[in-house]
Structures are given as C-alpha cells and as structure tokens.
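**Q** Take this structure first; my questions come after.
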Amino acid sequence: MRSEGSSERSWNEAIPAVLIAGTHSGVGKTTITLGLMAALRARGLVVQPFKVGPDFIDPSHHTAICGRPSLNLDPFMMGEEGVRRSFFSALGGADVAVVEGVMGLFDGMDGTEIGSSAQVAKILDIPVLLVINVHGMSRSAAAMELGFSSYDPGVKLAGTILNRVGSPRHLDMLRSCLRSPIFGALPRDKEIGMKSRHLGLVMGFEKDHDPGLLAAILERNADIDAILSLPGRVRPPAMAGSAEQYDAAAVRTVRAVSTVRAASTGRAASAVRAANIEIAEKAGGSSRAGKEGAVRIGVARDRAFCFYYHENLLELERQGAELVYFSPLEDQLPDVGGLYIGGGYPELYASELERAPAKRQIKEASEDEMPIYGECGGLMYLGESLESEAGSFRMVGALPVTTFMEKRLMALGYVEAEFSGSNPLADVGRSLRGHEFHYSRCECDRDARCCLRLSRGKGIGKGKDGLVEKNTMAGYLHAHFYSLSVEKFVEGCISYNRT
C-alpha cells in the first residue's frame with residue numbers, strides 16, 4: 001500500500017473496505033470508527049471515510065481525523081446507484097475505505113431496511129464488523145451475535161468489536177462463547193468520550209482530537225492487520241477525470257474545515273476566506289471548476305454554517321461552478337453570482353451574525369435578485385429575526401419569517417417534496433429528497449409564499465417548506481443534490497452575473 005508521503009498515485013488499485021456497525025445507537029461505534037481511522041492514518045495509510053445516513057456531525061469528525069472529506073451514503077436520499085457512485089468515485093488515491101454505520105445494523109426508515117447500515121453494506125458488497133457493548137454481559141453477547149449474524153444472510157458479518165470490556169477475565173469469558181472472530185476488545189475508557197449538545201456531538205472542527213491517543217487505543221486493543229485483510233476488496237471505476245476532480249475538491253473541503261477550526265479558536269479571523277485559493281495541490285492540476293468555472297457561487301462555511309453534504313458541493317462544481325467559501329461571521333460578501341447557505345448553529349452566534357457586515361450585504365444581494373439558497377440554519381439567518389433565551393436578534397431580513405428556538409426537538413426524519421411554485425433551485429413539478437433535524441419553529445408573514453409541497457416530513461408547517469422571496473429560497477429541508485439537478489440554480493447564477 002502507498003503511504004501518504006508517496007508521490008505515486010494508483011487510482012484504480014483494489015483496496016480493503018469495512019463498515020463499522022452497532023447493535024444500536026450509543027454502543028461506541030463513532031469512537032471506535034475514529035480510533036480505527038486514526039490508527040490507519042498513523043500507519044501512513046490514506047483513509048477514505050464514509051457515513052451511512054444523513055448525519056452531518058460524524059462526517060466532520062471523520063474529516064478532521066482522515067484529512068479527506070467524509071461522504072454520506074444514504075439510499076433514501078441518493079438511491080442505490082447514487083450510493084455506489086458516491087462510494088466508488090471517492091476511492092481514488094485511498095489505501096482503505098472505512099464506513100461508519102447508523103443506529104443499529106438493521107435499523108432503517110419506518111421499520112424497513114431502507115437507509116440502514118445493512119442495506120448499504122449489501123449495496124457495496126463490503127464486510128461488516130459489529131460493535132457490541134458488552135458491559136455487564138457474557139453469554140448474552142453470544143446470543144446477540146447469533147441473532148445479528150443470522151438475521152439477514154445477505155450481510156457479510158465478518159466479526160465483532162467488543163466495547164467496554166471489564167477485565168481480562170471478562171474477555172476470556174466472551175471469547176469462550178462468541179462464535180465469530182473478535183477483531184477488537186476495548187476496555188472501559190473515559191478518555192475518549194465525546195461531548196454532545198442539542199443536535200448531537202460537537203462538530204469535528206470544534207474538538208481538538210488527539211489522533212495519537214485514538215490510534216494507540218485501537219492499536220493496543222484491536223487487530224488492525226486482520227481488519228485490513230478482510231475479504232471483499234473494492235476498486236474505483238475507471239472514470240476519466242473523476243478521481244482528479246474529487247481529489248481537488250477534497251483539498252478545498254479539508255482546507256475549509258481546517259480554517260474553520262482555526263477561526264473557531266480565534267487563531268485566524270479571516271481564515272475561511274482563504275480556503276478557496278489553491279485547489280490543485282494534491283491532484284497536480286486544476287479541477288473542472290478551476291478551468292471552466294462559468295460562475296462563482298459563495299458557500300457560507302464557518303462555525304455558524306457547517307452542515308453540507310460534500311456531494312452537493314461536488315454537484316455544483318460538476319455544473320461548472322467555482323465555489324468561494326466565506327464566513328458570514330468574519331468576512332465581507334465575496335464577489336459571486338449566487339449563494340448557498342447551509343445549516344449549522346446560527347443560534348449560538350446570533351449576536352455576532354447580527355453585527356457582521358455580511359448580513360446587510362446579503363440583504364442587498366437578495367433585493368437585487370441574486371439566486372440564494374438556504375437550508376435550516378440558512379433559513380433562520382435569511383429571515384427577519386431569531387428569538388432565543390439569549391434575546392432577539394435581527395437577521396438578514398430577506399425572507400418574511402421569524403424563527404423561535406425551542407427546548408424540545410421539533411422535527412427529525414427524512415423529507416420528500418415536490419416543487420409547487422417558482423423558485424431559484426428547480427422547475428415546478430420536480431421532486432427532491434432530504435432530511436430535517438431542528439429545535440426551532442418558524443412564524444411566517446401571512447402573505448409568505450412556499451415553493452415545496454411535502455409528502456413526507458414537517459417542513460415549515462402545514463405540509464409546506466421552502467420560503468421564497470424574489471430569487472431567495474430557504475427551508476428546513478437539507479436536500480441531497482443527487483435527488484435533483486442543480487443545473488437551473490447554476491444557470492440562474494450565470495444569468496445574474498451577466499446583468
């Protein structure tokens with residue numbers, strides 16, 4: 001295998017791949033996945049990370065550890081072919097692929113296998129290691145293992161990783177009754193616990209990971225060589241330019257993450273602005289966007305706005321856009337023809353957003369009918385005001401809506417929608433899929449107009465989402481661009497640039 005320092009890149013070499021699943025949520029699969037990634041990186045291997053499901057937070061930790069963007073694999077949002085495309089197109093230049101599962105191995109949408117770790121493992125035909133929290137059990141772990149291994153013969157369950165093992169004697173008891181190979185046995189260890197808040201774990205750029213500690217724990221308590229030797233290697237397809245384009249985009253994304261980390265700790269006030277400057281360091285050339293970029297599209301990326309599906313950014317670039325990352329907290333609005341404002345935590349930085357110059361500049365751009373698309377946190381920011389326990393804060397004012405933070409979860413789950421009105425993103429009648437997860441609610445003006453009719457999900461309310469004013473659109477839906485074409489949005493940005 002090629003080390004990270006090697007100058008030779010073999011884009012179509014078959015590499016090991018593994019999916020780390022759990023019996024249920026909270027068994028420690030994220031910590032174990034991060035530890036495995038860190039251990040592989042410590043060996044000098046290039047690790048391509050993935051996450052099953054719609055989550056934004058776990059992938060940010062993967063990216064922080066691996067130095068390559070972690071991609072979501074979600075059959076509901078992307079379709080089975082989209083999962084394959086995303087997975088295989090990202091393998092170029094990697095030595096090993098590690099996929100973190102979601103919830104329990106077989107848990108999917110509405111009690112089905114749709115969107116489950118098991119479904120993704122079968123789509124990709126890769127082996128699975130099952131994490132079992134064995135605290136307070138011995139033979140019962142064998143019953144769990146037997147049930148999971150026999151429930152769906154189509155899943156290649158290669159073995160287990162045991163978490164929270166109490167002692168060497170406890171491990172001996174487990175070894176005596178478990179049937180499948182044990183690839184790791186981690187003791188109870190509070191050193192690698194993960195902090196949480198209302199949307200889950202803190203983001204990867206907010207946590208100073210100790211890769212050495214994580215790597216040492218896995219090297220000491222897992223058989224890394226055996227994991228690398230699992231059957232079922234995968235090979236990236238021969239697609240001209242795809243690996244180079246992915247790798248150049250990976251450089252930009254990792255730089256954006258690292259500079260957001262710097263800005264969040266106060267080490268570089270304008271660091272996010274520089275994330276877009278040099279894009280071809282690893283690929284040895286320019287991406288399509290760098291050569292043929294017909295329009296520059298601003299992407300809000302900082303502590304307040306950090307929820308983006310990496311494939312969404314790639315889809316914009318595939319349409320010829322050059323992405324310009326900037327911080328609404330720190331920067332002036334860059335010279336762009338359109339804006340994409342993702343989700344995140346604007347409520348934590350509402351006072352700073354209220355005072356920042358970008359707020360006024362984005363309002364002026366909206367009034368000038370620049371195409372602007374926002375998701376969840378972007379909706380909150382583009383509205384009139386944000387109300388929370390900390391106070392009332394004036395936001396951009398591009399959309400006729402006020403957002404109120406609540407203490408309880410207001411929506412969580414998959415969304416399916418159809419465009420029912422004019423908007424900057426897609427033609428009327430087109431469908432799209434995505435996810436929603438938020439602790440806020442919206443109150444819209446009486447004459448507010450929505451462009452999305454939901455067949456699944458809550459949205460802003462009454463089966464609607466996607467507020468539209470002039471050429472600005474935002475909703476609670478985090479859309480995955482594999483479910484629709486963004487060609488109209490990019491063309492709109494090009495047209496705006498020409499006026």
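Scheme for the structure tokens: letters A, B, ... for chains in order shown; per-chain residue numbers from 1; ligand numbers from 1 in order shown.
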Please list as a PyMOL selection string every residue within 7 Å of stretch 434-440 of chain A, counting only C-alpha atoms and excluding residues in the same chain fewer than 3 positions away.
**A** chain A and resi 54+77+403-416+476-480
**Q** Using 12 Å as the limit and counting only C-alpha atoms, can you tabulate each residue of stretch 11-107 of chain A that touches stretch 482-497 of chain A, with its shortest atom-to-atom distance in Å and the two atoms involved, as a tab-separated table?
**A**
```
residue	atom	partner	partner_atom	distance
A:Asn72	CA	A:Tyr482	CA	11.4
A:Leu73	CA	A:Tyr482	CA	11.0
A:Asp74	CA	A:Tyr482	CA	10.3
A:Pro75	CA	A:Tyr482	CA	10.4
A:Phe76	CA	A:Ser483	CA	9.3
A:Met77	CA	A:Ser483	CA	6.4
A:Met78	CA	A:Tyr482	CA	5.3
A:Gly79	CA	A:Ser483	CA	8.0
A:Glu80	CA	A:Tyr482	CA	10.9
A:Glu81	CA	A:Tyr482	CA	9.9
A:Gly82	CA	A:Tyr482	CA	6.7
A:Val83	CA	A:Tyr482	CA	9.5
A:Arg84	CA	A:Tyr482	CA	11.9
A:Arg85	CA	A:Tyr482	CA	10.1
A:Ser86	CA	A:Tyr482	CA	9.6
```
**Q** Write out as number ranges by chain the residues lying within 10 Å of stretch 156-164 of chain A, counting only C-alpha atoms and excluding same-chain residues fewer than 6 positions away.
**A** A: 18-22, 27-29, 32, 118, 121-122, 125-136, 141, 145, 148-150, 171, 174, 178-189, 221-223, 227, 230-232
**Q** To one decimal place, how far is atom CA of A:Ala42 from atom CA of A:Asp58 in Å?
**A**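 Between atom CA of A:Ala42 and atom CA of A:Asp58 the gap works out to 20.1 Å.
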**Q** Using only C-alpha atoms, find each residue in stretch 29-94 of chain A having at least one atom no more than 8 Å away from stretch 296-314 of chain A; report its shortest atom-to-atom pair and that distance in Å (one decimal), rows by chain then rising number, as JSON lines.
**A**
```
{"residue": "A:Phe56", "atom": "CA", "partner": "A:Phe307", "partner_atom": "CA", "distance": 5.7}
{"residue": "A:Ile57", "atom": "CA", "partner": "A:Phe307", "partner_atom": "CA", "distance": 7.9}
{"residue": "A:Pro69", "atom": "CA", "partner": "A:His310", "partner_atom": "CA", "distance": 7.1}
{"residue": "A:Ser70", "atom": "CA", "partner": "A:His310", "partner_atom": "CA", "distance": 7.6}
{"residue": "A:Leu71", "atom": "CA", "partner": "A:His310", "partner_atom": "CA", "distance": 6.1}
{"residue": "A:Asn72", "atom": "CA", "partner": "A:Tyr309", "partner_atom": "CA", "distance": 6.9}
{"residue": "A:Ser86", "atom": "CA", "partner": "A:Glu311", "partner_atom": "CA", "distance": 7.5}
```
**Q** Pick the closest to A:Ala398 from A:Thr472, A:Ser327, A:Leu333, A:Tyr349: which is it, counting only C-alpha atoms?
**A** A:Thr472
**Q** Taking only C-alpha atoms into account, name the residue in A:Ile460, A:Val102, A:Met395, A:Leu316 that is nearest to A:Val295.
**A**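 That would be A:Leu316, the residue with the smallest distance to A:Val295.
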**Q** Enumerate as a list of chain:residue names all residues of stretch 85-126 of chain A assigned to strand (DSSP E or B) by DSSP on the backbone, naming them with the chain letters and numbers the document uses.
**A** A:Val96, A:Ala97, A:Val98, A:Val99, A:Glu100, A:Gly101, A:Val102, A:Met103, A:Gly104
**Q** Within 7 Å of A:Arg453, counting only C-alpha atoms, which residues show up once you throw out same-chain ones fewer than 4 positions away? Write them as a list of chain:residue names, please.
**A**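 Contacts, in chain order: A:Ala417, A:Glu418, A:Phe419, A:Ser420, A:Gly463, A:Lys464, A:Asp465.
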**Q** Store the residues of this selection in a file with N, CA, C and O atoms, as a short mmCIF file (atom, residue, chain, number, x, y, z; two decimals), in the first residue's frame.
**A**
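Saved file selection.cif follows:
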```
data_model
loop_
_atom_site.label_atom_id
_atom_site.label_comp_id
_atom_site.auth_asym_id
_atom_site.auth_seq_id
_atom_site.Cartn_x
_atom_site.Cartn_y
_atom_site.Cartn_z
N ALA A 417 -40.36 15.85 -1.14
CA ALA A 417 -41.11 17.05 -1.52
C ALA A 417 -41.18 17.19 -3.03
O ALA A 417 -40.42 16.55 -3.78
N GLU A 418 -42.11 18.04 -3.46
CA GLU A 418 -42.25 18.40 -4.87
C GLU A 418 -42.31 19.91 -4.98
O GLU A 418 -42.96 20.58 -4.17
N PHE A 419 -41.65 20.45 -5.98
CA PHE A 419 -41.70 21.89 -6.21
C PHE A 419 -43.07 22.27 -6.76
O PHE A 419 -43.49 21.79 -7.81
N SER A 420 -43.76 23.14 -6.02
CA SER A 420 -45.12 23.54 -6.39
C SER A 420 -45.21 25.00 -6.81
O SER A 420 -46.29 25.47 -7.18
N GLY A 463 -47.59 21.09 5.82
CA GLY A 463 -47.16 20.34 4.64
C GLY A 463 -46.38 21.15 3.63
O GLY A 463 -46.27 20.74 2.47
N LYS A 464 -45.82 22.27 4.06
CA LYS A 464 -45.09 23.13 3.13
C LYS A 464 -43.69 23.43 3.67
O LYS A 464 -43.44 23.39 4.86
N ASP A 465 -42.81 23.76 2.75
CA ASP A 465 -41.45 24.18 3.08
C ASP A 465 -40.94 25.03 1.92
O ASP A 465 -41.59 25.17 0.90
#
```
**Q** How many Å lie between atom CA of A:Leu467 and atom CA of A:Arg449, rounded to one decimal?
**A**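 Computed distance, atom CA of A:Leu467 to atom CA of A:Arg449, equals 5.7 Å.
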**Q** Quick one, how far is atom CA of A:Ala38 from atom CA of A:Phe88?
**A** 21.8 Å
**Q** Given the choices A:Gly92, A:Ala226, A:Ala39, A:Thr30, which gets closest to A:His62 if the distance is worked out from only C-alpha atoms?
**A**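 Selected residue with least distance to A:His62: A:Thr30.
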**Q** Can you tell me, as a PyMOL selection string, what residues are no more than 10 Å from stretch 364-369 of chain A when counting only C-alpha atoms, ignoring any on the same chain fewer than 5 positions away?
**A** chain A and resi 333+336-339+358-359+382+396-399+424+469-473+493+496
